[in-house]
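Text of the file target_26.cif, holding mmCIF, C-alpha atoms:
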data_target
#
loop_
_atom_site.group_PDB
_atom_site.id
_atom_site.type_symbol
_atom_site.label_atom_id
_atom_site.label_comp_id
_atom_site.auth_asym_id
_atom_site.auth_seq_id
_atom_site.Cartn_x
_atom_site.Cartn_y
_atom_site.Cartn_z
ATOM 1 C CA MET A 1 70.062 -97.957 -17.403
ATOM 2 C CA SER A 2 71.812 -98.233 -20.746
ATOM 3 C CA ALA A 3 70.311 -99.370 -24.023
ATOM 4 C CA THR A 4 71.935 -102.772 -23.600
ATOM 5 C CA GLU A 5 70.030 -103.395 -20.359
ATOM 6 C CA THR A 6 66.612 -103.162 -21.942
ATOM 7 C CA GLU A 7 64.026 -105.430 -20.340
ATOM 8 C CA PHE A 8 61.092 -104.549 -22.542
ATOM 9 C CA SER A 9 60.753 -103.983 -26.219
ATOM 10 C CA THR A 10 58.254 -103.874 -29.001
ATOM 11 C CA ALA A 11 58.661 -106.871 -31.323
ATOM 12 C CA LEU A 12 60.232 -105.722 -34.556
ATOM 13 C CA ASP A 13 60.822 -107.426 -37.892
ATOM 14 C CA LEU A 14 64.550 -108.184 -38.002
ATOM 15 C CA SER A 15 64.872 -109.118 -41.671
ATOM 16 C CA VAL A 16 66.678 -105.962 -42.775
ATOM 17 C CA LEU A 17 69.475 -106.575 -40.277
ATOM 18 C CA LEU A 18 70.047 -110.317 -40.527
ATOM 19 C CA GLY A 19 72.813 -111.853 -42.589
ATOM 20 C CA ASP A 20 76.513 -112.064 -43.243
ATOM 21 C CA TRP A 21 77.916 -108.593 -43.872
ATOM 22 C CA ARG A 22 81.328 -107.881 -45.452
ATOM 23 C CA ASN A 23 83.312 -104.648 -45.397
ATOM 24 C CA THR A 24 83.161 -102.671 -48.646
ATOM 25 C CA ASN A 25 86.804 -101.718 -47.989
ATOM 26 C CA GLN A 26 89.067 -104.745 -48.269
ATOM 27 C CA ARG A 27 91.520 -103.071 -45.879
ATOM 28 C CA GLY A 28 88.866 -101.967 -43.382
ATOM 29 C CA GLY A 29 89.347 -102.667 -39.678
ATOM 30 C CA ILE A 30 86.330 -104.947 -39.319
ATOM 31 C CA ALA A 31 86.246 -107.674 -41.954
ATOM 32 C CA ARG A 32 82.877 -109.276 -41.298
ATOM 33 C CA ILE A 33 79.735 -108.937 -39.159
ATOM 34 C CA VAL A 34 77.233 -111.769 -38.794
ATOM 35 C CA CYS A 35 73.739 -110.935 -37.497
ATOM 36 C CA ALA A 36 71.294 -113.661 -36.457
ATOM 37 C CA PRO A 37 67.889 -113.564 -34.766
ATOM 38 C CA SER A 38 67.729 -113.835 -31.010
ATOM 39 C CA ALA A 39 65.172 -113.271 -28.287
ATOM 40 C CA ASP A 40 62.424 -110.713 -28.776
ATOM 41 C CA GLY A 41 63.955 -107.333 -29.423
ATOM 42 C CA PHE A 42 67.507 -108.569 -29.939
ATOM 43 C CA VAL A 43 69.883 -109.906 -32.548
ATOM 44 C CA THR A 44 73.116 -111.781 -31.979
ATOM 45 C CA VAL A 45 76.103 -110.047 -33.510
ATOM 46 C CA GLN A 46 79.450 -111.707 -34.240
ATOM 47 C CA CYS A 47 82.328 -109.540 -35.393
ATOM 48 C CA PHE A 48 85.633 -110.420 -37.027
ATOM 49 C CA GLY A 49 88.466 -107.907 -36.926
ATOM 50 C CA ARG A 50 90.877 -107.809 -39.843
ATOM 51 C CA THR A 51 94.131 -109.090 -38.321
ATOM 52 C CA GLU A 52 97.089 -111.093 -39.638
ATOM 53 C CA PRO A 53 97.498 -113.954 -40.220
ATOM 54 C CA GLU A 54 93.886 -114.775 -39.304
ATOM 55 C CA PRO A 55 90.866 -112.555 -38.593
ATOM 56 C CA ARG A 56 90.255 -112.025 -34.875
ATOM 57 C CA ASP A 57 86.884 -113.290 -33.717
ATOM 58 C CA TRP A 58 85.539 -110.745 -31.236
ATOM 59 C CA GLY A 59 82.893 -113.218 -30.105
ATOM 60 C CA THR A 60 79.120 -113.016 -30.198
ATOM 61 C CA VAL A 61 76.993 -110.568 -28.226
ATOM 62 C CA GLU A 62 73.275 -109.895 -27.883
ATOM 63 C CA ALA A 63 72.347 -106.498 -29.234
ATOM 64 C CA PRO A 64 69.065 -104.607 -28.782
ATOM 65 C CA VAL A 65 67.374 -103.532 -32.006
ATOM 66 C CA PHE A 66 65.727 -100.233 -32.871
ATOM 67 C CA ALA A 67 63.312 -98.890 -35.484
ATOM 68 C CA PHE A 68 63.753 -95.657 -37.439
ATOM 69 C CA THR A 69 60.336 -94.354 -36.336
ATOM 70 C CA PHE A 70 58.291 -94.883 -33.193
ATOM 71 C CA ASP A 71 55.378 -96.441 -35.125
ATOM 72 C CA SER A 72 57.485 -98.774 -37.245
ATOM 73 C CA GLU A 73 57.410 -102.569 -37.051
ATOM 74 C CA GLN A 74 60.747 -102.858 -38.857
ATOM 75 C CA ALA A 75 64.103 -102.897 -37.068
ATOM 76 C CA GLY A 76 66.747 -100.865 -38.842
ATOM 77 C CA ALA A 77 69.498 -100.460 -36.279
ATOM 78 C CA PHE A 78 71.248 -102.151 -33.368
ATOM 79 C CA LEU A 79 73.762 -101.334 -30.667
ATOM 80 C CA ALA A 80 76.362 -104.015 -29.959
ATOM 81 C CA VAL A 81 78.966 -103.707 -27.221
ATOM 82 C CA PHE A 82 82.099 -105.882 -27.355
ATOM 83 C CA ASP A 83 84.341 -106.127 -24.297
ATOM 84 C CA LEU A 84 87.680 -107.524 -25.426
ATOM 85 C CA GLY A 85 89.389 -106.865 -22.111
ATOM 86 C CA PHE A 86 91.932 -104.352 -23.403
ATOM 87 C CA LEU A 87 89.337 -102.639 -25.611
ATOM 88 C CA GLU A 88 85.621 -101.832 -25.449
ATOM 89 C CA VAL A 89 83.927 -101.371 -28.812
ATOM 90 C CA ARG A 90 80.482 -99.765 -28.960
ATOM 91 C CA LEU A 91 79.242 -100.639 -32.417
ATOM 92 C CA GLN A 92 76.522 -98.348 -33.795
ATOM 93 C CA ALA A 93 74.911 -99.988 -36.816
ATOM 94 C CA ASN A 94 72.017 -99.108 -39.093
ATOM 95 C CA VAL A 95 70.940 -100.165 -42.547
ATOM 96 C CA LYS A 96 70.544 -97.429 -45.128
ATOM 97 C CA ALA A 97 69.768 -98.254 -48.773
ATOM 98 C CA GLY A 98 70.846 -101.842 -48.216
ATOM 99 C CA VAL A 99 74.194 -100.863 -46.700
ATOM 100 C CA LEU A 100 75.075 -101.582 -43.079
ATOM 101 C CA VAL A 101 76.572 -98.342 -41.826
ATOM 102 C CA VAL A 102 78.787 -99.015 -38.817
ATOM 103 C CA ALA A 103 80.323 -96.457 -36.494
ATOM 104 C CA THR A 104 82.608 -97.783 -33.783
ATOM 105 C CA PHE A 105 83.476 -96.014 -30.553
ATOM 106 C CA ASN A 106 86.694 -97.655 -29.339
ATOM 107 C CA ARG A 107 87.970 -97.277 -25.761
ATOM 108 C CA PHE A 108 91.331 -98.733 -24.714
ATOM 109 C CA SER A 109 91.902 -99.775 -21.114
ATOM 110 C CA ASP A 110 95.493 -101.036 -21.497
ATOM 111 C CA THR A 111 98.855 -99.269 -21.217
ATOM 112 C CA SER A 112 99.583 -99.147 -24.947
ATOM 113 C CA GLY A 113 99.189 -95.372 -25.076
ATOM 114 C CA ARG A 114 96.696 -95.634 -27.931
ATOM 115 C CA SER A 115 93.935 -93.010 -27.871
ATOM 116 C CA ASN A 116 90.289 -93.915 -27.764
ATOM 117 C CA TYR A 117 89.099 -93.455 -31.306
ATOM 118 C CA PHE A 118 86.062 -93.211 -33.556
ATOM 119 C CA GLU A 119 85.773 -94.961 -36.915
ATOM 120 C CA ARG A 120 83.057 -95.447 -39.563
ATOM 121 C CA GLU A 121 82.811 -98.252 -42.103
ATOM 122 C CA PHE A 122 80.319 -99.713 -44.587
ATOM 123 C CA PHE A 123 79.198 -103.303 -45.181
ATOM 124 C CA TYR A 124 77.303 -105.160 -47.878
ATOM 125 C CA ARG A 125 75.304 -108.335 -47.316
ATOM 126 C CA THR A 126 76.495 -111.615 -48.837
ATOM 127 C CA SER A 127 73.751 -113.855 -47.466
ATOM 128 C CA ARG A 128 70.782 -113.776 -45.115
ATOM 129 C CA MET B 1 105.422 -106.392 -29.668
ATOM 130 C CA PRO B 2 104.243 -109.804 -28.444
ATOM 131 C CA ASP B 3 102.114 -108.443 -25.599
ATOM 132 C CA LEU B 4 100.253 -105.849 -27.611
ATOM 133 C CA GLU B 5 96.634 -106.857 -28.112
ATOM 134 C CA ILE B 6 94.766 -105.790 -31.199
ATOM 135 C CA ALA B 7 91.232 -106.158 -32.499
ATOM 136 C CA ARG B 8 92.243 -104.857 -35.931
ATOM 137 C CA GLU B 9 95.582 -104.814 -37.733
ATOM 138 C CA SER B 10 95.558 -101.004 -37.733
ATOM 139 C CA GLU B 11 95.799 -101.029 -33.930
ATOM 140 C CA ARG B 12 99.267 -102.582 -33.943
ATOM 141 C CA MET B 13 101.157 -99.676 -32.365
ATOM 142 C CA GLN B 14 102.752 -99.043 -28.979
ATOM 143 C CA LEU B 15 102.740 -95.404 -27.921
ATOM 144 C CA ALA B 16 103.927 -93.511 -24.894
ATOM 145 C CA MET B 17 101.753 -93.222 -21.811
ATOM 146 C CA PRO B 18 99.879 -91.261 -20.673
ATOM 147 C CA ARG B 19 97.453 -91.023 -23.559
ATOM 148 C CA PRO B 20 97.176 -87.511 -24.991
ATOM 149 C CA ARG B 21 94.235 -85.409 -23.856
ATOM 150 C CA VAL B 22 91.424 -85.417 -26.409
ATOM 151 C CA ASP B 23 91.128 -81.985 -27.980
ATOM 152 C CA ILE B 24 87.503 -81.586 -26.869
ATOM 153 C CA GLU B 25 87.402 -77.837 -27.471
ATOM 154 C CA ARG B 26 86.736 -78.696 -31.132
ATOM 155 C CA MET B 27 83.362 -80.148 -30.113
ATOM 156 C CA ALA B 28 82.231 -77.203 -27.991
ATOM 157 C CA GLY B 29 79.617 -74.721 -29.141
ATOM 158 C CA GLN B 30 75.975 -74.318 -29.936
ATOM 159 C CA TRP B 31 74.928 -76.787 -32.611
ATOM 160 C CA LEU B 32 71.749 -76.176 -34.631
ATOM 161 C CA LYS B 33 69.805 -78.675 -36.723
ATOM 162 C CA THR B 34 70.430 -78.533 -40.456
ATOM 163 C CA ASN B 35 66.878 -79.595 -41.325
ATOM 164 C CA ASP B 36 64.066 -77.014 -41.450
ATOM 165 C CA LYS B 37 61.455 -79.634 -40.559
ATOM 166 C CA PRO B 38 60.738 -80.821 -37.006
ATOM 167 C CA GLN B 39 63.062 -83.570 -35.858
ATOM 168 C CA TRP B 40 64.021 -85.456 -32.699
ATOM 169 C CA ILE B 41 66.691 -82.995 -31.565
ATOM 170 C CA GLY B 42 66.668 -79.311 -32.437
ATOM 171 C CA ARG B 43 69.787 -78.015 -30.763
ATOM 172 C CA VAL B 44 72.770 -79.281 -28.815
ATOM 173 C CA ASP B 45 74.822 -77.043 -26.551
ATOM 174 C CA VAL B 46 78.268 -78.452 -25.775
ATOM 175 C CA ALA B 47 80.530 -76.825 -23.172
ATOM 176 C CA VAL B 48 83.982 -77.765 -21.919
ATOM 177 C CA ASP B 49 84.359 -78.438 -18.195
ATOM 178 C CA GLY B 50 87.952 -79.399 -17.505
ATOM 179 C CA ASP B 51 88.566 -82.648 -19.353
ATOM 180 C CA ASP B 52 84.859 -83.363 -19.824
ATOM 181 C CA LEU B 53 82.034 -82.041 -21.953
ATOM 182 C CA VAL B 54 78.719 -80.874 -20.549
ATOM 183 C CA VAL B 55 75.952 -81.449 -23.051
ATOM 184 C CA GLN B 56 72.472 -79.889 -23.089
ATOM 185 C CA VAL B 57 69.957 -81.150 -25.619
ATOM 186 C CA PHE B 58 66.812 -79.331 -26.778
ATOM 187 C CA GLY B 59 63.974 -81.127 -28.546
ATOM 188 C CA GLY B 60 63.329 -80.401 -32.190
ATOM 189 C CA GLY B 61 59.527 -80.424 -32.077
ATOM 190 C CA GLU B 62 58.985 -84.119 -32.670
ATOM 191 C CA ALA B 63 57.093 -85.917 -29.867
ATOM 192 C CA PRO B 64 57.871 -87.361 -27.398
ATOM 193 C CA SER B 65 61.172 -85.456 -27.361
ATOM 194 C CA PRO B 66 61.072 -83.008 -24.411
ATOM 195 C CA SER B 67 61.764 -79.371 -25.191
ATOM 196 C CA ASP B 68 64.743 -79.428 -22.806
ATOM 197 C CA TRP B 69 66.454 -82.700 -21.944
ATOM 198 C CA GLY B 70 68.653 -81.058 -19.336
ATOM 199 C CA THR B 71 72.393 -81.554 -19.108
ATOM 200 C CA ALA B 72 74.543 -84.662 -19.159
ATOM 201 C CA ARG B 73 78.280 -85.071 -18.725
ATOM 202 C CA SER B 74 80.297 -86.900 -21.366
ATOM 203 C CA GLU B 75 81.193 -90.385 -20.213
ATOM 204 C CA ILE B 76 83.738 -91.299 -22.858
ATOM 205 C CA LEU B 77 85.671 -89.076 -25.260
ATOM 206 C CA TYR B 78 87.180 -90.315 -28.507
ATOM 207 C CA ALA B 79 89.832 -88.876 -30.792
ATOM 208 C CA GLY B 80 89.735 -89.276 -34.537
ATOM 209 C CA THR B 81 92.864 -91.452 -34.509
ATOM 210 C CA MET B 82 94.711 -93.727 -32.119
ATOM 211 C CA GLN B 83 97.965 -91.782 -32.510
ATOM 212 C CA SER B 84 96.870 -88.452 -31.059
ATOM 213 C CA GLY B 85 94.214 -86.538 -29.186
ATOM 214 C CA ASP B 86 93.069 -84.735 -32.320
ATOM 215 C CA ALA B 87 89.275 -84.523 -32.241
ATOM 216 C CA LEU B 88 88.757 -83.146 -35.736
ATOM 217 C CA ALA B 89 86.918 -86.422 -36.356
ATOM 218 C CA GLY B 90 86.390 -87.181 -32.679
ATOM 219 C CA ALA B 91 83.336 -88.235 -30.739
ATOM 220 C CA PHE B 92 81.694 -88.376 -27.342
ATOM 221 C CA LEU B 93 79.144 -90.502 -25.535
ATOM 222 C CA CYS B 94 76.588 -89.599 -22.866
ATOM 223 C CA HIS B 95 73.334 -90.931 -21.431
ATOM 224 C CA TYR B 96 70.014 -89.328 -20.567
ATOM 225 C CA GLU B 97 67.234 -90.597 -18.331
ATOM 226 C CA LEU B 98 64.036 -88.896 -19.498
ATOM 227 C CA PRO B 99 60.435 -89.577 -18.421
ATOM 228 C CA GLY B 100 59.696 -93.143 -19.552
ATOM 229 C CA MET B 101 62.799 -93.535 -21.692
ATOM 230 C CA SER B 102 66.531 -94.083 -21.487
ATOM 231 C CA ILE B 103 68.727 -92.638 -24.196
ATOM 232 C CA GLU B 104 72.294 -93.319 -25.251
ATOM 233 C CA LEU B 105 73.588 -90.345 -27.217
ATOM 234 C CA GLN B 106 76.592 -90.856 -29.506
ATOM 235 C CA ALA B 107 77.980 -87.833 -31.311
ATOM 236 C CA ASN B 108 80.850 -87.438 -33.734
ATOM 237 C CA LEU B 109 82.392 -84.645 -35.755
ATOM 238 C CA ASN B 110 82.425 -85.098 -39.516
ATOM 239 C CA LEU B 111 83.457 -82.397 -41.985
ATOM 240 C CA GLY B 112 82.456 -79.636 -39.587
ATOM 241 C CA LEU B 113 79.093 -81.168 -38.731
ATOM 242 C CA LEU B 114 78.127 -82.726 -35.434
ATOM 243 C CA VAL B 115 76.424 -86.024 -36.217
ATOM 244 C CA VAL B 116 74.205 -87.058 -33.317
ATOM 245 C CA ALA B 117 72.798 -90.556 -32.995
ATOM 246 C CA THR B 118 70.442 -91.602 -30.231
ATOM 247 C CA TYR B 119 69.236 -94.999 -29.097
ATOM 248 C CA VAL B 120 65.845 -94.446 -27.436
ATOM 249 C CA THR B 121 64.726 -97.293 -25.190
ATOM 250 C CA PHE B 122 61.358 -97.238 -23.438
ATOM 251 C CA ARG B 123 61.585 -98.502 -19.895
ATOM 252 C CA GLU B 124 58.209 -100.256 -20.055
ATOM 253 C CA GLN B 125 56.304 -102.066 -22.774
ATOM 254 C CA ASP B 126 54.831 -99.377 -24.941
ATOM 255 C CA ALA B 127 52.964 -98.962 -28.182
ATOM 256 C CA LEU B 128 55.991 -97.065 -29.436
ATOM 257 C CA ALA B 129 59.003 -98.907 -30.814
ATOM 258 C CA ASN B 130 62.470 -98.365 -29.442
ATOM 259 C CA ARG B 131 64.033 -96.010 -31.903
ATOM 260 C CA PHE B 132 67.371 -95.077 -33.496
ATOM 261 C CA THR B 133 67.870 -91.530 -34.739
ATOM 262 C CA ARG B 134 70.754 -89.930 -36.601
ATOM 263 C CA GLU B 135 70.653 -86.211 -37.237
ATOM 264 C CA PHE B 136 73.046 -83.472 -38.372
ATOM 265 C CA PHE B 137 73.957 -80.175 -36.717
ATOM 266 C CA ARG B 138 75.973 -77.145 -37.762
ATOM 267 C CA ILE B 139 77.747 -74.745 -35.485
ATOM 268 C CA ALA B 140 75.737 -71.576 -34.786
ATOM 269 C CA GLU B 141 76.946 -68.306 -36.237
ATOM 270 C CA ALA B 142 77.882 -65.712 -33.619
ATOM 271 C CA GLN B 143 74.661 -63.748 -34.145
ATOM 272 C CA GLU B 144 72.549 -66.922 -33.812
ATOM 273 C CA ALA B 145 73.956 -68.211 -30.553
ATOM 274 C CA ASP B 146 71.760 -67.789 -27.493
ATOM 275 C CA ALA B 147 73.274 -65.913 -24.598
#
Is it possible to express this structure as structure tokens?
Amino acid sequence: MSATETEFSTALDLSVLLGDWRNTNQRGGIARIVCAPSADGFVTVQCFGRTEPEPRDWGTVEAPVFAFTFDSEQAGAFLAVFDLGFLEVRLQANVKAGVLVVATFNRFSDTSGRSNYFEREFFYRTSR
Amino acid sequence: MPDLEIARESERMQLAMPRPRVDIERMAGQWLKTNDKPQWIGRVDVAVDGDDLVVQVFGGGEAPSPSDWGTARSEILYAGTMQSGDALAGAFLCHYELPGMSIELQANLNLGLLVVATYVTFREQDALANRFTREFFRIAEAQEADA
């Protein structure tokens, strides 16, 4: 069973994660991440890739949330998985000092010859 | 390139198939925690087996991390860039099924460190919260490495 197939969870306060997050790098690969509350133990995550002429909406997925310690009641991280058909993105996200730190693990399944790749970016919150 | 799909503008490139092999030898070795205090993971042994990695994790003294998680095979390997198989800033992914918990382990190389993140999910309702960890490991010196 993977983390995304969780059936049980301890209810956690989601407030640290929720909001509209923008990339600190104006040329970064992901332009925007929107996190909203969902069912117990999950947030919904919508991602927008930076593409021309318009950002690409990757869609919205449910992502399980995680605390930084086993006895915490505060969620500080989530794991969102986007399946775009030609590309799977596993998005590792956690909030540190008010910054959403995002590592993406990108796996191509097309014939473009592009290598699977790892990338790390940072986001600041514009609104809750 | 009308048929090329991208999620980000930086992905707009068509390269030759097959994809280059990821240079996983860069990730192999015995990795020791950088922190003197107990932590979730104490040591990670990474070995190359053909085009895969075999990963053995040892607990770092923080409950309920077992002292030996056993071995897991890498499921996905990542380069540091789309244009090559260079793993200088590469990564790998594997999963562990431990007593009462499922763990997704995501590791990446950064400036000579192995950065290991785990998503710990309890399989049943528990007093403990599902947890995210992110810890740092350095390669063992020759005299430190276990036989």
**OP:** Have a look at atom CA of A:Phe66 and atom CA of B:Asn35 and let me know their distance in Å, one decimal.
**Re:**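 Distance reported for this atom pair: 22.3 Å.
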What box, with edges along x, y and z, holds each listed atom of stretch 33-44 of chain A when 6 Å is added on every side, and can you state its centre and edge lengths in Å to one decimal, as lines of an AutoDock Vina configuration file?
center_x = 71.1
center_y = -110.6
center_z = -33.7
size_x = 29.3
size_y = 18.5
size_z = 22.9
Original post:
When the PyMOL selection byres ((chain A) within 9 of (chain B)) is applied to the file above, which residues end up in the set, as number ranges by chain?
Top reply: A: 1-3, 6-12, 28-31, 48-52, 55-58, 65-73, 75-79, 84, 86-87, 92, 94, 105-107, 110-119
Subject >> Within 10 Å of file point (81.6, -113.3, -29.1), counting all atoms listed in the file, expressed as a ChimeraX atom specification >> reply: /A:44-48,57-62,82-84
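What separates atom CA of B:Gln143 from atom CA of B:Lys33 is a distance of 15.9 Å.
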Original post:
So how far away is atom CA of B:Pro66 from atom CA of A:Gln74, in Å?
Top reply: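 Between these atoms lies a distance of 24.6 Å.
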Restrict the output to stretch 64-86 of chain B and C-alpha atoms, then write it as a tab-separated table (two decimals), in the first residue's frame.
chain	number	residue	atom	x	y	z
B	64	PRO	CA	9.03	3.21	16.40
B	65	SER	CA	11.73	2.99	13.71
B	66	PRO	CA	12.97	-0.64	13.60
B	67	SER	CA	16.69	-1.18	13.96
B	68	ASP	CA	16.78	-2.86	10.53
B	69	TRP	CA	14.08	-2.14	7.97
B	70	GLY	CA	15.39	-4.79	5.60
B	71	THR	CA	16.00	-4.21	1.92
B	72	ALA	CA	13.87	-2.66	-0.79
B	73	ARG	CA	14.48	-2.30	-4.50
B	74	SER	CA	14.28	1.12	-6.13
B	75	GLU	CA	11.05	1.51	-8.05
B	76	ILE	CA	11.83	4.68	-9.97
B	77	LEU	CA	15.17	6.35	-10.67
B	78	TYR	CA	15.53	10.02	-11.53
B	79	ALA	CA	18.35	11.99	-13.12
B	80	GLY	CA	19.14	15.55	-12.16
B	81	THR	CA	18.12	16.84	-15.59
B	82	MET	CA	15.87	15.81	-18.45
B	83	GLN	CA	18.72	15.96	-20.98
B	84	SER	CA	20.93	13.21	-19.57
B	85	GLY	CA	21.26	10.35	-17.13
B	86	ASP	CA	23.53	12.36	-14.84
